[in-house]
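Listing of coords-v3.cif, mmCIF, C-alpha atoms
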```cif
data_entry
#
loop_
_atom_site.label_atom_id
_atom_site.label_comp_id
_atom_site.auth_asym_id
_atom_site.auth_seq_id
_atom_site.Cartn_x
_atom_site.Cartn_y
_atom_site.Cartn_z
CA MET A 68 -128.16 68.83 157.21
CA MET A 69 -126.55 69.16 153.82
CA ALA A 70 -123.78 71.70 153.32
CA LEU A 71 -124.13 74.01 150.38
CA ALA A 72 -121.27 74.27 147.96
CA PRO A 73 -119.83 77.75 147.70
CA ALA A 74 -121.05 79.61 144.66
CA SER A 75 -118.48 79.92 141.96
CA PRO A 76 -117.74 83.44 140.80
CA ARG A 77 -119.69 84.46 137.73
CA VAL A 78 -117.62 85.39 134.74
CA THR A 79 -118.97 88.41 132.89
CA SER A 80 -118.27 89.60 129.43
CA GLY A 81 -116.85 92.99 128.61
CA ALA A 82 -120.23 93.97 127.15
CA GLU A 83 -122.01 93.14 130.42
CA ASP A 84 -119.45 95.15 132.39
CA ALA A 85 -119.89 98.12 130.05
CA ALA A 86 -123.69 97.89 130.32
CA PHE A 87 -123.50 97.83 134.14
CA ALA A 88 -121.14 100.81 134.15
CA GLY A 89 -123.49 102.72 131.84
CA THR A 90 -126.48 101.96 134.06
CA MET A 91 -124.62 103.13 137.18
CA LYS A 92 -123.55 106.31 135.40
CA ARG A 93 -127.17 107.09 134.49
CA LEU A 94 -128.37 106.28 138.04
CA ALA A 95 -125.72 108.35 139.86
CA PRO A 96 -127.67 111.67 139.71
CA VAL A 97 -130.86 109.92 140.84
CA LEU A 98 -129.09 108.27 143.78
CA LEU A 99 -127.56 111.61 144.72
CA LEU A 100 -130.98 113.30 144.67
CA LEU A 101 -132.50 110.47 146.74
CA SER A 102 -129.80 110.74 149.41
CA ALA A 103 -130.18 114.55 149.50
CA ALA A 104 -133.96 114.21 149.83
CA ALA A 105 -133.53 111.71 152.68
CA ALA A 106 -131.19 114.14 154.47
CA LEU A 107 -133.69 116.98 154.06
CA ALA A 108 -136.56 114.79 155.25
CA ALA A 109 -134.72 113.96 158.48
CA GLU A 110 -136.11 115.75 161.49
CA PRO A 111 -133.99 118.77 162.47
CA LEU A 112 -131.76 118.52 165.52
CA ALA A 113 -133.64 121.46 167.04
CA ALA A 114 -136.62 119.14 167.53
CA ASP A 115 -134.56 117.38 170.23
CA VAL A 116 -133.95 120.62 172.16
CA PRO A 117 -136.58 121.23 174.85
CA LYS A 118 -137.92 124.73 175.39
CA LYS A 119 -135.63 126.92 177.53
CA SER A 120 -132.63 124.75 176.58
CA ARG A 121 -129.92 125.15 173.98
CA GLY A 122 -127.86 122.90 171.74
CA PHE A 123 -124.21 123.94 172.16
CA SER A 124 -121.82 122.66 169.47
CA LEU A 125 -118.07 122.28 169.68
CA GLU A 126 -115.62 120.92 167.13
CA THR A 127 -114.53 117.54 168.44
CA SER A 128 -110.95 118.36 167.46
CA THR A 129 -110.97 120.97 170.25
CA VAL A 130 -112.45 118.66 172.90
CA THR A 131 -110.62 115.66 174.34
CA GLY A 132 -112.88 112.59 174.32
CA GLY A 133 -115.57 114.10 172.12
CA ALA A 134 -115.14 112.06 168.96
CA VAL A 135 -116.49 108.75 170.30
CA LEU A 136 -119.74 109.96 171.82
CA ARG A 137 -123.22 109.16 170.51
CA PRO A 138 -126.57 110.94 170.85
CA LYS A 139 -128.23 110.38 174.25
CA ASP A 140 -124.88 109.64 175.95
CA HIS A 141 -124.36 111.48 179.24
CA VAL A 142 -121.08 113.29 179.93
CA ASP A 143 -119.32 115.50 182.41
CA VAL A 144 -117.33 118.46 181.07
CA ILE A 145 -113.97 119.25 182.63
CA ALA A 146 -112.27 122.59 181.93
CA VAL A 147 -108.53 123.19 182.17
CA VAL A 148 -108.20 126.98 182.31
CA THR A 149 -105.58 129.57 183.15
CA ASP A 150 -106.48 132.47 185.43
CA PRO A 151 -105.56 135.60 183.42
CA GLU A 152 -104.75 137.57 186.58
CA THR A 153 -102.47 135.04 188.29
CA SER A 154 -101.46 132.87 185.30
CA LYS A 155 -102.21 129.84 187.48
CA GLN A 156 -103.74 126.87 185.76
CA GLY A 157 -106.59 124.96 187.34
CA THR A 158 -108.87 122.10 186.40
CA VAL A 159 -112.54 122.13 187.35
CA LEU A 160 -115.51 119.88 186.83
CA LEU A 161 -117.49 122.47 184.89
CA LEU A 162 -120.74 120.68 183.96
CA GLN A 163 -122.20 117.36 185.07
CA ASN A 164 -124.64 114.87 183.59
CA VAL A 165 -124.95 116.70 180.26
CA VAL A 166 -126.84 114.95 177.45
CA VAL A 167 -125.22 114.60 174.02
CA LEU A 168 -127.63 115.67 171.27
CA GLY A 169 -125.41 114.82 168.33
CA ASN A 170 -121.91 114.06 167.17
CA ALA A 171 -121.47 114.27 163.45
CA SER A 172 -119.92 116.13 160.60
CA PRO A 173 -122.46 118.61 159.20
CA VAL A 174 -120.90 118.29 155.75
CA THR A 175 -118.64 115.54 154.45
CA GLY A 176 -115.03 116.52 155.03
CA GLU A 177 -115.88 119.12 157.68
CA PRO A 178 -114.81 118.68 161.33
CA ARG A 179 -117.15 116.69 163.56
CA GLN A 180 -119.41 118.73 165.84
CA LEU A 181 -120.25 117.55 169.35
CA THR A 182 -123.62 119.07 170.34
CA LEU A 183 -124.56 119.17 174.02
CA LEU A 184 -127.94 119.93 175.60
CA LEU A 185 -127.53 122.89 178.00
CA ILE A 186 -129.49 125.64 179.65
CA PRO A 187 -128.44 129.17 178.64
CA ASP A 188 -126.34 129.81 181.80
CA GLU A 189 -124.40 126.57 181.19
CA ALA A 190 -123.88 127.58 177.56
CA LEU A 191 -122.35 130.90 178.67
CA LEU A 192 -120.08 129.13 181.15
CA LEU A 193 -118.98 126.58 178.56
CA ALA A 194 -118.32 129.27 175.95
CA ALA A 195 -116.07 131.18 178.36
CA ALA A 196 -114.18 128.03 179.37
CA HIS A 197 -113.79 126.93 175.75
CA GLN A 198 -112.44 130.34 174.77
CA ASN A 199 -109.94 130.44 177.65
CA GLY A 200 -108.82 126.86 178.09
CA HIS A 201 -109.17 123.25 177.08
CA LEU A 202 -112.22 121.03 177.49
CA VAL A 203 -112.37 117.32 178.29
CA VAL A 204 -115.57 115.28 178.23
CA THR A 205 -115.95 112.10 180.24
CA LEU A 206 -118.62 109.53 179.54
CA ARG A 207 -120.90 108.61 182.44
CA ASN A 208 -123.74 106.18 183.02
CA ALA A 209 -127.08 107.73 182.07
CA ASP A 210 -128.62 106.33 185.28
CA ASP A 211 -125.96 107.92 187.53
CA ALA A 212 -127.67 110.92 189.12
CA HIS A 213 -124.84 111.75 191.55
CA THR A 214 -123.16 115.08 191.13
CA LEU A 215 -120.13 116.49 192.89
CA GLU A 216 -120.53 119.71 194.86
CA GLY A 217 -118.26 121.91 196.92
CA GLN A 218 -115.29 121.32 194.66
CA THR A 219 -112.14 123.36 194.51
CA PRO A 220 -110.02 123.66 191.37
CA VAL A 221 -107.32 121.04 191.05
CA THR A 222 -103.84 122.37 190.29
CA VAL A 223 -100.66 120.68 189.13
CA LYS A 224 -99.43 121.01 192.72
CA ASN A 225 -102.35 118.80 193.89
CA VAL A 226 -101.57 116.20 191.25
CA ILE A 227 -97.87 116.03 192.11
CA ALA A 228 -98.64 115.84 195.83
CA GLY A 229 -101.21 113.10 195.22
CA GLU A 230 -103.91 115.14 196.93
CA PRO A 231 -107.34 114.18 195.63
CA PRO A 232 -109.89 116.97 195.34
CA ARG A 233 -112.43 117.15 198.13
CA PHE A 234 -115.95 116.51 196.90
CA LEU A 235 -119.28 116.02 198.56
CA LEU A 236 -121.41 113.41 196.76
CA LYS A 237 -125.08 114.24 196.63
CA PRO A 238 -127.73 112.58 194.50
CA THR A 239 -129.59 115.02 192.30
CA ALA A 240 -132.46 114.73 189.88
CA LYS A 241 -131.71 113.68 186.34
CA ARG A 242 -131.82 116.31 183.62
#
```

Now, as a test, write the supplied structure out as structure tokens.
Amino acid sequence: MMALAPASPRVTSGAEDAAFAGTMKRLAPVLLLLSAAAALAAEPLAADVPKKSRGFSLETSTVTGGAVLRPKDHVDVIAVVTDPETSKQGTVLLLQNVVVLGNASPVTGEPRQLTLLLIPDEALLLAAAHQNGHLVVTLRNADDAHTLEGQTPVTVKNVIAGEPPRFLLKPTAKR
């Protein structure tokens, strides 16, 4: 097999460079319109939301672990909240096996939005937790149907004592 010699760089004249720059300047509005048309032609995210479900969006800057997720990933949502009556902080596994619908910036320069597929009751729960605490999302295997039940909130005292939370593993149907 014969090796090919690397191509030598082509030397262009100033006139050729100016012509190329002029062409690109004339094409810029056309390219902008084409990219805008492609964005408008894309199917709306709502098409991925089944009936009786909701797409719940959060800024990824407010959610630990949210920036690296992709559509169709499965996550668990952990909430670190403070009880307003006792001022005690607790951590709970709030939602399990949630599907990611999207993770993108709606407009260039805007914060990224993590959109999760929820039922309305889960959306209400997540909204309350987001308003009164901090959220963490953990990536899970899409084929893992196990959920944890019978949990109790984990406190700093449990962490310091090295006491793991008590969970009952039960397989459940996939969403």

- Return the single residue from A:His201, A:Arg93, A:His141, A:Lys119 that is closest to Glu189 in chain A, with distances computed using all atoms listed in the file. A:Lys119

- Message: Which polymer residues, whether protein, DNA or RNA, lie within 12 Å of the coordinate (-121.5, 115.7, 160.3) when you count all atoms listed in the file? List them as a VMD selection string, using the chain letters and numbers from the file.
- Response: chain A and resid 106 112 124 to 127 134 169 to 182

- Between CA of Ile186 in chain A and CA of Pro151 in chain A, measure the distance and give it in Å to one decimal.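 Calculated distance between CA of Ile186 in chain A and CA of Pro151 in chain A is 26.2 Å.
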
- Using only C-alpha atoms, which residue out of A:Val142, A:Val116, A:Leu136, A:Leu185 lies closest to Asp210 in chain A? A:Val142

- Resolved residues for the PyMOL selection byres ((chain A and resi 144) around 8) as a list in words: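 This file, filtered by the PyMOL selection byres ((chain A and resi 144) around 8), leaves Val142, Asp143, Ile145, Ala146, Leu160, Leu161, Leu162, Gln163, Val165, Leu202, Val203, Val204 and Thr205 of chain A.
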
- Query: Quick one, how far is CA of Val159 in chain A from CA of Thr219 in chain A?
  - Reply: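 CA of Val159 in chain A sits 7.3 Å away from CA of Thr219 in chain A.
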
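The closest residue to Asp188 in chain A, picked from A:Gly133, A:Glu83, A:Val166, A:Phe123 and counting all atoms listed in the file, is A:Phe123.
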
- Message: Using all atoms listed in the file for the distances, tell me which of A:Val167, A:Leu206, A:Leu192, A:Ala212 is nearest to Asp115 in chain A.
- Response: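 Nearest to Asp115 in chain A: A:Val167.
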
- Kindly give the distance, in Å, that separates CA of Gly122 in chain A and CA of Leu183 in chain A, rounded to a single decimal. 5.5 Å

- In terms of all atoms listed in the file, the residue from A:Val148, A:Leu94, A:Ala88, A:Ala113 at minimal distance from Leu193 in chain A is A:Val148

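Shortest atom-to-atom contact with Pro111 in chain A among A:Leu168, A:Thr214, A:Glu152, A:Ala85: A:Leu168, counting all atoms listed in the file.
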
For range 173-195 of chain A, where the input has fewer atoms than it should, I would like N, CA and C atoms rebuilt and written as a JSON list (two decimals), keeping the file's coordinate frame.
```
[["chain", "number", "residue", "atom", "x", "y", "z"],
["A", 173, "PRO", "N", -121.33, 118.03, 159.90],
["A", 173, "PRO", "CA", -122.46, 118.61, 159.20],
["A", 173, "PRO", "C", -122.36, 118.45, 157.69],
["A", 174, "VAL", "N", -121.15, 118.47, 157.17],
["A", 174, "VAL", "CA", -120.90, 118.29, 155.75],
["A", 174, "VAL", "C", -119.70, 117.37, 155.61],
["A", 175, "THR", "N", -119.75, 116.47, 154.65],
["A", 175, "THR", "CA", -118.64, 115.54, 154.45],
["A", 175, "THR", "C", -117.34, 116.30, 154.32],
["A", 176, "GLY", "N", -116.33, 115.87, 155.07],
["A", 176, "GLY", "CA", -115.03, 116.52, 155.03],
["A", 176, "GLY", "C", -114.86, 117.63, 156.06],
["A", 177, "GLU", "N", -115.94, 118.08, 156.65],
["A", 177, "GLU", "CA", -115.88, 119.12, 157.68],
["A", 177, "GLU", "C", -115.58, 118.47, 159.04],
["A", 178, "PRO", "N", -115.05, 119.24, 159.99],
["A", 178, "PRO", "CA", -114.81, 118.68, 161.33],
["A", 178, "PRO", "C", -116.10, 118.23, 162.00],
["A", 179, "ARG", "N", -115.99, 117.19, 162.82],
["A", 179, "ARG", "CA", -117.15, 116.69, 163.56],
["A", 179, "ARG", "C", -117.57, 117.72, 164.61],
["A", 180, "GLN", "N", -118.86, 117.81, 164.85],
["A", 180, "GLN", "CA", -119.41, 118.73, 165.84],
["A", 180, "GLN", "C", -120.06, 117.92, 166.95],
["A", 181, "LEU", "N", -119.64, 118.15, 168.18],
["A", 181, "LEU", "CA", -120.25, 117.55, 169.35],
["A", 181, "LEU", "C", -121.28, 118.56, 169.86],
["A", 182, "THR", "N", -122.56, 118.16, 169.90],
["A", 182, "THR", "CA", -123.62, 119.07, 170.34],
["A", 182, "THR", "C", -124.17, 118.59, 171.67],
["A", 183, "LEU", "N", -124.12, 119.47, 172.66],
["A", 183, "LEU", "CA", -124.56, 119.17, 174.02],
["A", 183, "LEU", "C", -125.84, 119.92, 174.34],
["A", 184, "LEU", "N", -126.69, 119.31, 175.16],
["A", 184, "LEU", "CA", -127.94, 119.93, 175.60],
["A", 184, "LEU", "C", -127.67, 120.69, 176.90],
["A", 185, "LEU", "N", -127.83, 122.03, 176.85],
["A", 185, "LEU", "CA", -127.53, 122.89, 178.00],
["A", 185, "LEU", "C", -128.65, 123.88, 178.23],
["A", 186, "ILE", "N", -128.66, 124.48, 179.42],
["A", 186, "ILE", "CA", -129.49, 125.64, 179.65],
["A", 186, "ILE", "C", -128.63, 126.86, 179.32],
["A", 187, "PRO", "N", -129.23, 128.02, 179.08],
["A", 187, "PRO", "CA", -128.44, 129.17, 178.64],
["A", 187, "PRO", "C", -127.27, 129.53, 179.57],
["A", 188, "ASP", "N", -127.44, 129.47, 180.89],
["A", 188, "ASP", "CA", -126.34, 129.81, 181.80],
["A", 188, "ASP", "C", -125.17, 128.84, 181.63],
["A", 189, "GLU", "N", -125.47, 127.56, 181.42],
["A", 189, "GLU", "CA", -124.40, 126.57, 181.19],
["A", 189, "GLU", "C", -123.70, 126.85, 179.87],
["A", 190, "ALA", "N", -124.47, 127.27, 178.86],
["A", 190, "ALA", "CA", -123.88, 127.58, 177.56],
["A", 190, "ALA", "C", -122.89, 128.74, 177.68],
["A", 191, "LEU", "N", -123.25, 129.76, 178.46],
["A", 191, "LEU", "CA", -122.35, 130.90, 178.67],
["A", 191, "LEU", "C", -121.07, 130.46, 179.38],
["A", 192, "LEU", "N", -121.23, 129.64, 180.40],
["A", 192, "LEU", "CA", -120.08, 129.13, 181.15],
["A", 192, "LEU", "C", -119.17, 128.30, 180.26],
["A", 193, "LEU", "N", -119.77, 127.43, 179.45],
["A", 193, "LEU", "CA", -118.98, 126.58, 178.56],
["A", 193, "LEU", "C", -118.27, 127.40, 177.49],
["A", 194, "ALA", "N", -118.95, 128.41, 176.96],
["A", 194, "ALA", "CA", -118.32, 129.27, 175.95],
["A", 194, "ALA", "C", -117.10, 129.98, 176.52],
["A", 195, "ALA", "N", -117.20, 130.50, 177.74],
["A", 195, "ALA", "CA", -116.07, 131.18, 178.36],
["A", 195, "ALA", "C", -114.91, 130.21, 178.62]]
```
